[in-house]
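What's in input.cif: mmCIF, C-alpha atoms and all ligand atoms
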data_data
loop_
_atom_site.label_atom_id
_atom_site.label_comp_id
_atom_site.auth_asym_id
_atom_site.auth_seq_id
_atom_site.Cartn_x
_atom_site.Cartn_y
_atom_site.Cartn_z
CA MET L 286 0.00 0.00 0.00
CA SER L 287 1.12 3.58 -0.63
CA THR L 288 -0.32 7.08 -0.29
CA THR L 289 -0.98 9.19 -3.36
CA ILE L 290 -0.22 12.86 -2.70
CA THR L 291 -1.25 15.56 -5.16
CA ILE L 292 0.50 18.91 -4.99
CA THR L 293 -0.92 21.74 -7.04
CA GLY L 294 1.52 24.50 -7.96
CA ALA L 295 4.27 21.92 -7.58
CA GLY L 296 6.51 23.93 -9.90
CA GLY L 297 6.35 26.96 -7.59
CA GLN L 298 8.39 27.96 -4.59
CA ILE L 299 6.43 26.21 -1.84
CA GLY L 300 6.07 23.16 -4.07
CA TYR L 301 9.84 22.92 -4.38
CA ALA L 302 10.27 23.25 -0.61
CA LEU L 303 7.65 20.55 0.01
CA LEU L 304 8.48 17.82 -2.45
CA PHE L 305 11.80 16.62 -1.09
CA ARG L 306 10.71 16.61 2.53
CA ILE L 307 7.62 14.60 1.61
CA ALA L 308 9.72 12.15 -0.41
CA ALA L 309 12.06 11.78 2.58
CA GLY L 310 9.11 10.62 4.72
CA GLU L 311 8.80 13.69 6.92
CA MET L 312 5.08 14.05 6.31
CA LEU L 313 3.71 10.52 6.59
CA GLY L 314 6.52 8.80 8.43
CA PRO L 315 9.35 6.49 7.42
CA GLY L 316 7.15 3.44 6.77
CA GLU L 317 4.76 4.89 4.17
CA LYS L 318 5.46 4.57 0.46
CA ILE L 319 4.53 7.62 -1.58
CA ARG L 320 3.24 8.33 -5.06
CA LEU L 321 3.41 11.99 -6.09
CA ARG L 322 1.24 13.81 -8.59
CA LEU L 323 2.47 17.27 -9.50
CA LEU L 324 -0.35 19.38 -10.93
CA GLU L 325 0.57 22.60 -12.70
CA ILE L 326 -0.69 24.99 -15.32
CA PRO L 327 1.11 24.80 -18.69
CA GLN L 328 3.51 27.67 -17.81
CA GLY L 329 4.59 25.82 -14.65
CA LEU L 330 5.12 22.40 -16.21
CA GLY L 331 8.83 22.89 -16.95
CA ALA L 332 9.62 23.72 -13.32
CA ALA L 333 7.54 20.76 -12.11
CA GLU L 334 9.22 18.42 -14.60
CA GLY L 335 12.62 19.65 -13.42
CA ALA L 336 11.63 18.95 -9.82
CA ALA L 337 10.53 15.46 -10.87
CA LEU L 338 13.98 14.81 -12.37
CA GLU L 339 15.58 15.93 -9.13
CA LEU L 340 13.24 13.71 -7.13
CA GLN L 341 14.49 10.80 -9.23
CA ASP L 342 18.07 11.82 -8.51
CA GLY L 343 17.29 11.93 -4.79
CA ALA L 344 16.83 8.12 -4.92
CA PHE L 345 14.29 8.26 -2.11
CA ASP L 346 13.49 4.80 -0.75
CA LEU L 347 9.84 5.70 -0.11
CA LEU L 348 9.11 7.30 -3.47
CA GLU L 349 7.36 4.87 -5.81
CA HIS L 350 6.21 7.14 -8.61
CA VAL L 351 6.06 10.76 -9.77
CA GLU L 352 3.65 12.08 -12.38
CA VAL L 353 3.63 15.64 -13.75
CA THR L 354 0.47 16.91 -15.40
CA ASP L 355 -1.62 19.96 -16.20
CA ASP L 356 -4.82 17.89 -16.30
CA ALA L 357 -6.71 18.06 -12.99
CA ALA L 358 -8.45 14.71 -13.65
CA VAL L 359 -5.05 13.02 -13.89
CA GLY L 360 -3.58 15.11 -11.08
CA PHE L 361 -6.26 14.11 -8.56
CA ASP L 362 -6.74 10.53 -9.75
CA GLY L 363 -6.77 8.26 -6.70
CA CYS L 364 -5.40 11.05 -4.52
CA ASN L 365 -5.43 10.46 -0.75
CA VAL L 366 -3.78 13.72 0.31
CA ALA L 367 -4.25 16.91 -1.72
CA LEU L 368 -2.14 19.97 -1.05
CA LEU L 369 -3.71 22.92 -2.87
CA VAL L 370 -0.77 25.28 -3.09
CA GLY L 371 -1.05 26.56 -6.65
CA ALA L 372 -2.22 30.16 -6.62
CA ARG L 373 -0.80 33.60 -7.11
CA PRO L 374 1.10 34.86 -4.03
CA ARG L 375 0.73 38.47 -2.85
CA GLY L 376 3.43 41.04 -3.35
CA PRO L 377 4.50 44.04 -1.27
CA GLY L 378 1.63 46.31 -0.22
CA MET L 379 -1.12 43.75 -0.90
CA GLU L 380 -3.41 42.08 1.63
CA ARG L 381 -4.27 38.42 1.13
CA ALA L 382 -7.89 39.39 0.43
CA ASP L 383 -6.61 41.26 -2.65
CA LEU L 384 -6.02 37.81 -4.15
CA LEU L 385 -9.64 36.82 -3.75
CA ALA L 386 -10.79 37.37 -7.34
CA ALA L 387 -7.48 36.24 -8.89
CA ASN L 388 -7.34 32.95 -7.02
CA ALA L 389 -10.98 32.05 -6.33
CA GLY L 390 -11.39 30.80 -9.90
CA ILE L 391 -8.80 28.09 -9.30
CA PHE L 392 -10.38 26.38 -6.32
CA GLY L 393 -13.93 25.67 -7.56
CA PRO L 394 -12.79 23.56 -10.55
CA GLN L 395 -10.20 21.81 -8.36
CA GLY L 396 -12.90 20.96 -5.80
CA THR L 397 -14.98 19.44 -8.59
CA ALA L 398 -11.98 17.49 -9.93
CA ILE L 399 -11.28 16.16 -6.43
CA ALA L 400 -14.88 14.97 -6.09
CA GLU L 401 -14.71 13.23 -9.46
CA ASN L 402 -11.27 11.64 -9.22
CA ALA L 403 -9.82 11.45 -5.72
CA ALA L 404 -9.89 8.43 -3.39
CA ALA L 405 -12.80 8.14 -0.94
CA ASP L 406 -10.55 9.00 2.00
CA VAL L 407 -9.11 12.18 0.42
CA ARG L 408 -7.85 14.86 2.83
CA VAL L 409 -7.41 18.32 1.37
CA THR L 410 -5.24 21.11 2.75
CA VAL L 411 -5.53 24.53 1.14
CA VAL L 412 -2.37 26.63 1.30
CA GLY L 413 -3.01 29.07 -1.58
CA ASN L 414 -4.35 32.40 -0.35
CA PRO L 415 -6.80 33.55 0.81
CA ALA L 416 -6.63 30.04 2.23
CA ASN L 417 -9.79 29.92 4.37
CA THR L 418 -12.11 31.19 1.65
CA ASN L 419 -10.41 29.11 -1.04
CA ALA L 420 -11.04 26.04 1.13
CA LEU L 421 -14.69 27.06 1.40
CA ILE L 422 -14.92 27.41 -2.40
CA ALA L 423 -13.24 24.04 -3.03
CA ALA L 424 -15.38 22.24 -0.44
CA SER L 425 -18.59 23.73 -1.86
CA ALA L 426 -17.66 22.57 -5.35
CA ALA L 427 -16.74 19.04 -4.25
CA GLU L 428 -20.14 17.42 -4.40
CA GLY L 429 -20.32 14.22 -2.38
CA VAL L 430 -17.07 14.81 -0.47
CA PRO L 431 -17.72 15.52 3.23
CA VAL L 432 -16.75 19.14 4.05
CA GLU L 433 -14.67 17.80 6.95
CA ARG L 434 -12.14 16.62 4.37
CA PHE L 435 -11.25 20.23 3.51
CA THR L 436 -8.97 22.28 5.74
CA ALA L 437 -7.03 25.55 5.40
CA LEU L 438 -3.49 26.00 6.64
CA THR L 439 -3.17 28.17 9.76
CA ARG L 440 -0.44 26.08 11.34
CA LEU L 441 2.16 28.55 10.06
CA ASP L 442 0.52 31.26 12.19
CA GLU L 443 0.56 28.99 15.23
CA ASN L 444 4.21 28.11 14.66
CA ARG L 445 5.00 31.82 14.39
CA ALA L 446 3.10 32.54 17.62
CA ARG L 447 4.87 29.77 19.55
CA ALA L 448 8.25 30.91 18.25
CA GLN L 449 7.59 34.52 19.31
CA LEU L 450 6.58 33.40 22.81
CA ALA L 451 9.64 31.16 23.06
CA GLN L 452 11.83 34.10 22.16
CA VAL L 453 10.39 36.54 24.68
CA LEU L 454 10.28 33.92 27.45
CA GLU L 455 13.76 32.63 26.55
CA LYS L 456 12.47 29.05 26.48
CA PRO L 457 12.62 26.34 23.80
CA VAL L 458 9.69 26.31 21.39
CA SER L 459 8.91 22.76 22.52
CA SER L 460 8.07 24.06 26.02
CA ILE L 461 5.25 26.29 24.66
CA ARG L 462 1.89 24.58 24.15
CA PHE L 463 -1.75 25.35 23.41
CA VAL L 464 -1.52 28.51 21.29
CA PRO L 465 -4.49 28.23 18.92
CA ILE L 466 -5.18 30.63 16.07
CA TRP L 467 -8.78 31.77 15.65
CA GLY L 468 -10.43 33.13 12.50
CA ASN L 469 -8.80 33.99 9.21
CA HIS L 470 -5.25 33.43 7.93
CA SER L 471 -4.91 37.20 7.62
CA ALA L 472 -3.97 40.31 9.56
CA THR L 473 -7.22 39.96 11.58
CA GLN L 474 -6.38 36.51 12.98
CA PHE L 475 -6.35 36.06 16.76
CA PRO L 476 -3.38 34.13 18.15
CA ASP L 477 -4.71 33.15 21.57
CA VAL L 478 -2.37 32.74 24.54
CA SER L 479 -5.07 32.63 27.23
CA HIS L 480 -4.78 28.87 27.70
CA ALA L 481 -1.13 28.55 26.66
CA THR L 482 1.49 27.01 28.92
CA VAL L 483 5.26 27.17 29.15
CA ASP L 484 6.75 24.12 30.84
CA GLY L 485 3.25 23.47 32.20
CA ARG L 486 2.88 26.93 33.73
CA PRO L 487 0.40 29.55 32.39
CA VAL L 488 2.09 31.66 29.72
CA LEU L 489 0.15 34.68 31.00
CA ASP L 490 1.95 34.43 34.37
CA ALA L 491 5.35 34.00 32.73
CA LEU L 492 4.67 36.95 30.42
CA ALA L 493 3.67 39.20 33.35
CA GLU L 494 7.20 38.76 34.74
CA ARG L 495 8.77 39.70 31.41
CA VAL L 496 6.61 42.34 29.78
CA GLY L 497 4.64 43.94 32.63
CA ASP L 498 1.27 44.92 31.16
CA VAL L 499 0.44 41.68 29.33
CA ARG L 500 -2.73 42.87 27.56
CA ARG L 501 -0.90 45.88 26.22
CA TRP L 502 2.03 43.74 25.01
CA LEU L 503 -0.37 41.31 23.35
CA ASP L 504 -2.23 44.14 21.61
CA GLU L 505 0.72 46.27 20.62
CA THR L 506 3.50 43.74 20.04
CA PHE L 507 2.59 40.05 19.95
CA ILE L 508 -0.66 39.94 17.96
CA PRO L 509 0.48 42.37 15.22
CA ARG L 510 3.86 40.63 14.99
CA VAL L 511 2.25 37.24 14.40
CA ALA L 512 -0.65 38.45 12.26
CA LYS L 513 1.59 40.59 10.04
CA ARG L 514 4.53 38.19 9.87
CA GLY L 515 3.65 37.22 6.30
CA ALA L 516 3.94 40.88 5.27
CA GLU L 517 7.19 41.23 7.20
CA ILE L 518 8.67 38.27 5.32
CA ILE L 519 7.53 39.74 2.00
CA GLU L 520 9.15 43.04 2.86
CA VAL L 521 12.44 41.53 4.02
CA ARG L 522 12.93 38.76 1.46
CA GLY L 523 11.05 40.33 -1.44
CA SER L 524 8.59 37.46 -1.84
CA SER L 525 6.28 35.52 0.42
CA SER L 526 7.27 32.84 2.91
CA VAL L 527 8.25 29.51 1.40
CA ALA L 528 10.20 27.08 3.59
CA SER L 529 8.27 27.94 6.77
CA ALA L 530 4.99 27.55 4.86
CA ALA L 531 6.10 24.15 3.53
CA SER L 532 7.20 23.11 7.00
CA ALA L 533 3.85 24.08 8.52
CA THR L 534 2.04 22.18 5.75
CA ILE L 535 4.03 19.08 6.65
CA ASP L 536 3.21 19.57 10.37
CA HIS L 537 -0.49 19.97 9.56
CA VAL L 538 -0.83 16.89 7.35
CA ARG L 539 1.36 14.72 9.57
CA ASP L 540 -0.83 15.51 12.58
CA TRP L 541 -4.05 15.03 10.61
CA VAL L 542 -3.06 11.63 9.25
CA LEU L 543 -1.00 10.28 12.14
CA GLY L 544 -2.81 12.05 15.04
CA THR L 545 -1.57 14.22 17.88
CA LYS L 546 -2.40 14.71 21.54
CA GLU L 547 -1.60 18.43 21.27
CA CYS L 548 -4.15 21.18 20.72
CA THR L 549 -3.19 22.77 17.42
CA SER L 550 -4.79 25.04 14.81
CA ALA L 551 -6.46 24.48 11.46
CA GLY L 552 -8.99 26.24 9.29
CA VAL L 553 -12.01 23.92 9.40
CA VAL L 554 -15.69 24.22 8.59
CA SER L 555 -17.73 25.63 11.45
CA ARG L 556 -20.82 23.89 12.75
CA GLY L 557 -21.51 26.97 14.86
CA GLU L 558 -18.87 26.25 17.51
CA TYR L 559 -17.91 29.28 19.63
CA GLY L 560 -20.53 31.35 17.79
CA VAL L 561 -18.74 31.18 14.43
CA PRO L 562 -21.48 31.06 11.77
CA GLU L 563 -22.10 27.61 10.36
CA GLY L 564 -20.39 26.86 7.06
CA LEU L 565 -17.50 29.31 7.34
CA VAL L 566 -13.96 27.89 7.19
CA SER L 567 -12.42 29.46 10.27
CA SER L 568 -9.33 28.59 12.25
CA PHE L 569 -10.12 26.90 15.56
CA PRO L 570 -8.23 25.04 18.26
CA VAL L 571 -8.32 21.43 17.05
CA ASN L 572 -7.16 17.95 17.96
CA PHE L 573 -6.41 15.36 15.32
CA VAL L 574 -7.64 11.92 16.37
CA ASP L 575 -8.03 8.74 14.31
CA GLY L 576 -7.51 10.58 11.04
CA ASN L 577 -10.14 13.25 11.79
CA TRP L 578 -10.04 16.74 13.24
CA ARG L 579 -12.13 17.76 16.24
CA ILE L 580 -12.67 21.29 17.47
CA VAL L 581 -11.55 21.60 21.11
CA GLU L 582 -14.74 22.65 22.83
CA GLY L 583 -15.49 24.18 26.23
CA LEU L 584 -12.70 26.77 26.33
CA GLU L 585 -13.57 29.89 28.26
CA ILE L 586 -13.49 32.96 26.02
CA ASP L 587 -13.37 36.33 27.80
CA ASP L 588 -14.78 39.55 26.29
CA TRP L 589 -11.37 40.78 25.14
CA SER L 590 -10.75 37.54 23.18
CA ARG L 591 -14.34 37.42 21.94
CA ALA L 592 -13.99 40.84 20.30
CA ARG L 593 -10.85 39.73 18.43
CA ILE L 594 -12.38 36.44 17.28
CA ASP L 595 -15.50 38.28 16.12
CA ALA L 596 -13.43 40.78 14.11
CA SER L 597 -11.66 38.02 12.21
CA VAL L 598 -14.89 36.10 11.66
CA ALA L 599 -16.49 39.30 10.31
CA GLU L 600 -13.72 39.39 7.69
CA LEU L 601 -14.43 35.76 6.75
CA ILE L 602 -18.09 36.66 6.27
CA GLU L 603 -17.06 39.56 4.02
CA GLU L 604 -14.82 37.28 1.94
CA ARG L 605 -17.58 34.68 1.62
CA ASP L 606 -20.05 37.35 0.52
CA ALA L 607 -17.54 38.75 -1.98
CA VAL L 608 -17.01 35.36 -3.67
CA ARG L 609 -20.77 34.80 -3.65
CA ALA L 610 -21.14 38.12 -5.44
CA LEU L 611 -18.56 36.96 -8.00
CA GLY L 612 -20.72 33.86 -8.56
CA MET L 613 -17.99 31.54 -7.28
CA LEU L 614 -19.95 30.10 -4.38
P1 LIG L 701 4.63 30.57 -6.61
O1 LIG L 701 4.16 31.67 -7.51
O2 LIG L 701 6.09 30.34 -6.42
O3 LIG L 701 4.01 29.19 -7.09
C1 LIG L 701 2.67 29.05 -7.41
C2 LIG L 701 2.59 27.97 -8.47
O4 LIG L 701 1.22 27.68 -8.67
C3 LIG L 701 3.17 28.39 -9.82
O5 LIG L 701 4.13 27.44 -10.24
C4 LIG L 701 1.96 28.42 -10.75
O6 LIG L 701 2.27 28.03 -12.07
C5 LIG L 701 1.04 27.42 -10.04
N1 LIG L 701 -0.38 27.56 -10.37
C6 LIG L 701 -1.09 28.68 -10.57
N2 LIG L 701 -2.37 28.37 -10.86
C7 LIG L 701 -2.46 27.02 -10.80
C8 LIG L 701 -3.53 26.11 -11.02
N3 LIG L 701 -4.75 26.52 -11.36
N4 LIG L 701 -3.27 24.79 -10.88
C9 LIG L 701 -2.04 24.36 -10.56
N5 LIG L 701 -0.98 25.17 -10.36
C10 LIG L 701 -1.21 26.49 -10.48
O7 LIG L 701 3.90 30.81 -5.20
P2 LIG L 701 4.26 30.15 -3.79
O8 LIG L 701 5.24 31.03 -3.10
O9 LIG L 701 4.54 28.71 -3.96
O10 LIG L 701 2.86 30.37 -3.02
C11 LIG L 701 1.69 29.64 -3.38
C12 LIG L 701 0.49 30.12 -2.59
O11 LIG L 701 0.65 29.83 -1.21
C13 LIG L 701 0.23 31.63 -2.66
O12 LIG L 701 -1.17 31.84 -2.77
C14 LIG L 701 0.71 32.12 -1.31
O13 LIG L 701 0.10 33.33 -0.93
C15 LIG L 701 0.27 30.97 -0.43
N6 LIG L 701 0.87 30.88 0.90
C16 LIG L 701 0.06 30.48 1.92
C17 LIG L 701 0.56 30.34 3.20
C18 LIG L 701 -0.32 29.88 4.33
O14 LIG L 701 0.17 29.85 5.48
N7 LIG L 701 -1.57 29.52 4.12
C19 LIG L 701 1.91 30.60 3.43
C20 LIG L 701 2.73 31.01 2.37
C21 LIG L 701 2.18 31.16 1.09
C1 LIG L 702 2.25 33.98 4.91
O1 LIG L 702 1.56 34.06 5.92
O2 LIG L 702 3.49 34.07 4.92
C2 LIG L 702 1.56 33.71 3.59
O3 LIG L 702 0.18 33.68 3.75
C3 LIG L 702 1.99 34.61 2.51
C4 LIG L 702 1.40 36.00 2.67
O4 LIG L 702 0.85 36.53 1.70
O5 LIG L 702 1.49 36.53 3.78
#

Please render this file's structure as structure tokens.
Amino acid sequence: MSTTITITGAGGQIGYALLFRIAAGEMLGPGEKIRLRLLEIPQGLGAAEGAALELQDGAFDLLEHVEVTDDAAVGFDGCNVALLVGARPRGPGMERADLLAANAGIFGPQGTAIAENAAADVRVTVVGNPANTNALIAASAAEGVPVERFTALTRLDENRARAQLAQVLEKPVSSIRFVPIWGNHSATQFPDVSHATVDGRPVLDALAERVGDVRRWLDETFIPRVAKRGAEIIEVRGSSSVASAASATIDHVRDWVLGTKECTSAGVVSRGEYGVPEGLVSSFPVNFVDGNWRIVEGLEIDDWSRARIDASVAELIEERDAVRALGML
């Protein structure tokens, strides 16, 4: 048995950062054979074909087969894990929502192709921005595929949040736990430290010793730093994050398929949990158990947090309404 993994935009930057780590077994573990399908548009085929040659030269024990195609029916044929990366990235001065019209047209047809061609157990992770709303579009177009099979990547935001806390607390990242992201993968997201721990101790207590007025530090330093990190990377490196995005994608899929005891973050379809309107793809605190995600329920949300979650959810509603108005939903 082997797992068939489809990567759209495989000829692009994130695709290149993903392929070799997947082939080395970092996503599904060292015992799982892999078949890769690299789906591109015609202009991207050369880069994807070049990557396929390099995959061959990597002589990866786990890699059984690589196929490069610009035909979605071939690309998603028998696919168990779909990574929807292919989309236009934003440049300096743009917000991710500016990509809505440019990228929304990609995800409906891909959702349909997944429904028609993928394996019954397909698990889809949308990376291409705006990721939450693209996941909503793909899920809506994938008739017959349970919406639970579609997720949007917000693990990068969580990784950024944990890394920022580790830095200010001068602790290893591994000591920081339970830092869920709520809402949209955008500047309105809410990285939530209210239940976070460092070495088992409340992060809020540890922060009080370091930064004094914790609420003020969260509002003025931490939340903007995490929420605008994508823009910071674009400004500093001249194009959007690549290796960290690929790494977070691997973390997300590994946890989804193999399970984790940790509370982590993913954009998943709301059933009305925590007052998020049903049907929106919002980031929530989740657990991955037995190959499925579950929203962590029963967390206490104070008024300060509620306002920040609501603001991000309001943006998701706006994005949904905008794609509806474009006739893409
Ligand atoms: P890139 O421009 O280097 O690569 C994108 C690739 O997608 C190109 O090779 C292009 O030919 C291909 N493509 C375009 N339309 C396609 C289609 N319909 N089917 C298949 N392939 C298609 O961009 P990148 O740096 O790899 O970024 C890809 C996307 O990921 C962007 O939307 C970016 O904003 C997003 N991103 C998301 C996160 C996140 O955390 N969710 C993080 C970083 C980047
Ligand atoms: C990121 O968070 O780095 C990506 O979503 C790219 C971007 O546009 O910010």

> How many Å separate atom CA of L:Trp541 from atom O3 of ligand LIG 702 (chain L)?
Replying inline: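 Taking atom CA of L:Trp541 and atom O3 of ligand LIG 702 (chain L), their separation equals 20.3 Å.
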
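When only C-alpha atoms and all ligand atoms are used to measure the gap to ligand LIG 701 (chain L), the shortest distance among L:Leu584, L:Val598, L:Ala530, L:Val488 belongs to L:Ala530.
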
Using 6 Å as the limit and counting all atoms listed in the file, can you tabulate each residue of chain L that touches ligand LIG 701 (chain L), with its shortest atom-to-atom distance in Å and the two atoms involved, as a Markdown table?
| residue | atom | partner | partner_atom | distance |
| --- | --- | --- | --- | --- |
| L:Thr293 | CA | L:LIG701 | C9 | 4.5 |
| L:Gly294 | CA | L:LIG701 | O4 | 3.3 |
| L:Gly296 | CA | L:LIG701 | O5 | 4.3 |
| L:Gly297 | CA | L:LIG701 | O3 | 3.3 |
| L:Gln298 | CA | L:LIG701 | O2 | 3.8 |
| L:Ile299 | CA | L:LIG701 | O9 | 3.8 |
| L:Gly300 | CA | L:LIG701 | O9 | 5.8 |
| L:Leu324 | CA | L:LIG701 | C9 | 5.3 |
| L:Glu325 | CA | L:LIG701 | N5 | 3.8 |
| L:Ile326 | CA | L:LIG701 | N5 | 5.0 |
| L:Gln328 | CA | L:LIG701 | O6 | 5.9 |
| L:Gly329 | CA | L:LIG701 | O6 | 4.1 |
| L:Val370 | CA | L:LIG701 | C11 | 5.0 |
| L:Gly371 | CA | L:LIG701 | O4 | 3.2 |
| L:Ala372 | CA | L:LIG701 | O12 | 4.3 |
| L:Arg373 | CA | L:LIG701 | O12 | 4.7 |
| L:Pro374 | CA | L:LIG701 | O13 | 3.6 |
| L:Arg375 | CA | L:LIG701 | O13 | 5.5 |
| L:Ile391 | CA | L:LIG701 | N3 | 4.8 |
| L:Val412 | CA | L:LIG701 | N7 | 4.1 |
| L:Gly413 | CA | L:LIG701 | O12 | 3.5 |
| L:Asn414 | CA | L:LIG701 | O12 | 4.0 |
| L:Ala416 | CA | L:LIG701 | N7 | 5.4 |
| L:Leu438 | CA | L:LIG701 | N7 | 4.7 |
| L:Thr439 | CA | L:LIG701 | O14 | 5.7 |
| L:Leu441 | CA | L:LIG701 | O14 | 5.2 |
| L:Ser525 | CA | L:LIG701 | O8 | 5.8 |
| L:Ser526 | CA | L:LIG701 | C20 | 4.9 |
| L:Val527 | CA | L:LIG701 | O8 | 5.6 |
| L:Ala530 | CA | L:LIG701 | C19 | 4.6 |

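One distance worth recording is that between atom CA of L:Arg440 and atom CA of L:Leu614, which is 25.4 Å.
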
> Which distance in Å separates atom CA of L:Val538 and atom CA of L:Ala302, to one decimal?
Replying inline: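 Atom-to-atom, atom CA of L:Val538 and atom CA of L:Ala302 are spaced 15.1 Å apart.
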
> L:Glu334: which residues within 10 Å, counting only C-alpha atoms, same-chain residues fewer than 3 positions away excluded, as number ranges by chain?
Replying inline: L: 295-296, 323, 325, 329-331, 337-340, 351-354

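In terms of minimum interatomic distance to L:Arg510, L:Thr473 ranks closest within L:Ser568, L:Asn388, L:Thr473, L:Ser459, counting all atoms listed in the file.
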
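Using all atoms listed in the file for every distance, the candidate list L:Val566, L:Val483, L:Leu489, L:Leu384 yields L:Leu384 as the residue closest to ligand LIG 702 (chain L).
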
Within 7 Å of (0.9, 24.9, 24.1) (coordinates as in the file), grab all the protein and nucleic acid residues, counting only C-alpha atoms, and write them out as a PDB file with C-alpha atoms, keeping the file's coordinate frame.
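What ended up in point-v5.pdb:
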ATOM      1  CA  ILE L 461       5.250  26.290  24.660  1.00  0.00           C
ATOM      2  CA  ARG L 462       1.890  24.580  24.150  1.00  0.00           C
ATOM      3  CA  PHE L 463      -1.750  25.350  23.410  1.00  0.00           C
ATOM      4  CA  VAL L 464      -1.520  28.510  21.290  1.00  0.00           C
ATOM      5  CA  ALA L 481      -1.130  28.550  26.660  1.00  0.00           C
ATOM      6  CA  THR L 482       1.490  27.010  28.920  1.00  0.00           C
TER       7      THR L 482
END

> From the list L:Asp490, L:Val432, L:Leu503, L:Asp346, which residue is nearest L:Glu563 when using only C-alpha atoms?
Replying inline: L:Val432

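For the point (-9.6, 37.7, 19.5), the residues with at least one atom inside 8 Å, counting only C-alpha atoms, are Trp467, Gln474, Phe475, Pro476, Asp477, Trp589, Ser590, Arg591, Ala592, Arg593, Ile594, Asp595, Ala596 and Ser597 of chain L.
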
>> So that I can check the surroundings of L:Glu433, please list as a PyMOL selection string every protein, DNA and RNA residue that reaches within 10 Å of it, counting all atoms listed in the file and ignoring chain neighbours fewer than 3 positions away.
In response: chain L and resi 408-409+424+430+436+553-555+577-579

Quick one: residues within 12 Å of L:Arg495, all atoms listed in the file counted, chain neighbours fewer than 3 positions away excluded, as a PDB file with C-alpha atoms, in the frame of the given file?
ATOM      1  CA  LEU L 450       6.580  33.400  22.810  1.00  0.00           C
ATOM      2  CA  ALA L 451       9.640  31.160  23.060  1.00  0.00           C
ATOM      3  CA  GLN L 452      11.830  34.100  22.160  1.00  0.00           C
ATOM      4  CA  VAL L 453      10.390  36.540  24.680  1.00  0.00           C
ATOM      5  CA  LEU L 454      10.280  33.920  27.450  1.00  0.00           C
ATOM      6  CA  GLU L 455      13.760  32.630  26.550  1.00  0.00           C
ATOM      7  CA  VAL L 488       2.090  31.660  29.720  1.00  0.00           C
ATOM      8  CA  LEU L 489       0.150  34.680  31.000  1.00  0.00           C
ATOM      9  CA  ASP L 490       1.950  34.430  34.370  1.00  0.00           C
ATOM     10  CA  ALA L 491       5.350  34.000  32.730  1.00  0.00           C
ATOM     11  CA  LEU L 492       4.670  36.950  30.420  1.00  0.00           C
ATOM     12  CA  ASP L 498       1.270  44.920  31.160  1.00  0.00           C
ATOM     13  CA  VAL L 499       0.440  41.680  29.330  1.00  0.00           C
ATOM     14  CA  TRP L 502       2.030  43.740  25.010  1.00  0.00           C
TER      15      TRP L 502
END

>> Which residues are close to L:Asp362, i.e. within 6 Å by only C-alpha atoms, leaving aside same-chain residues fewer than 3 positions away? Reply as a list in words.
In response: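 In the requested format, the answer is Ala358, Val359, Asn402 and Ala403 of chain L.
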
>> Under the rule that all atoms listed in the file are counted, which of L:Thr397, L:Asn417, L:Gln341, L:Gln449 is the nearest residue to ligand LIG 702 (chain L)?
In response: L:Asn417
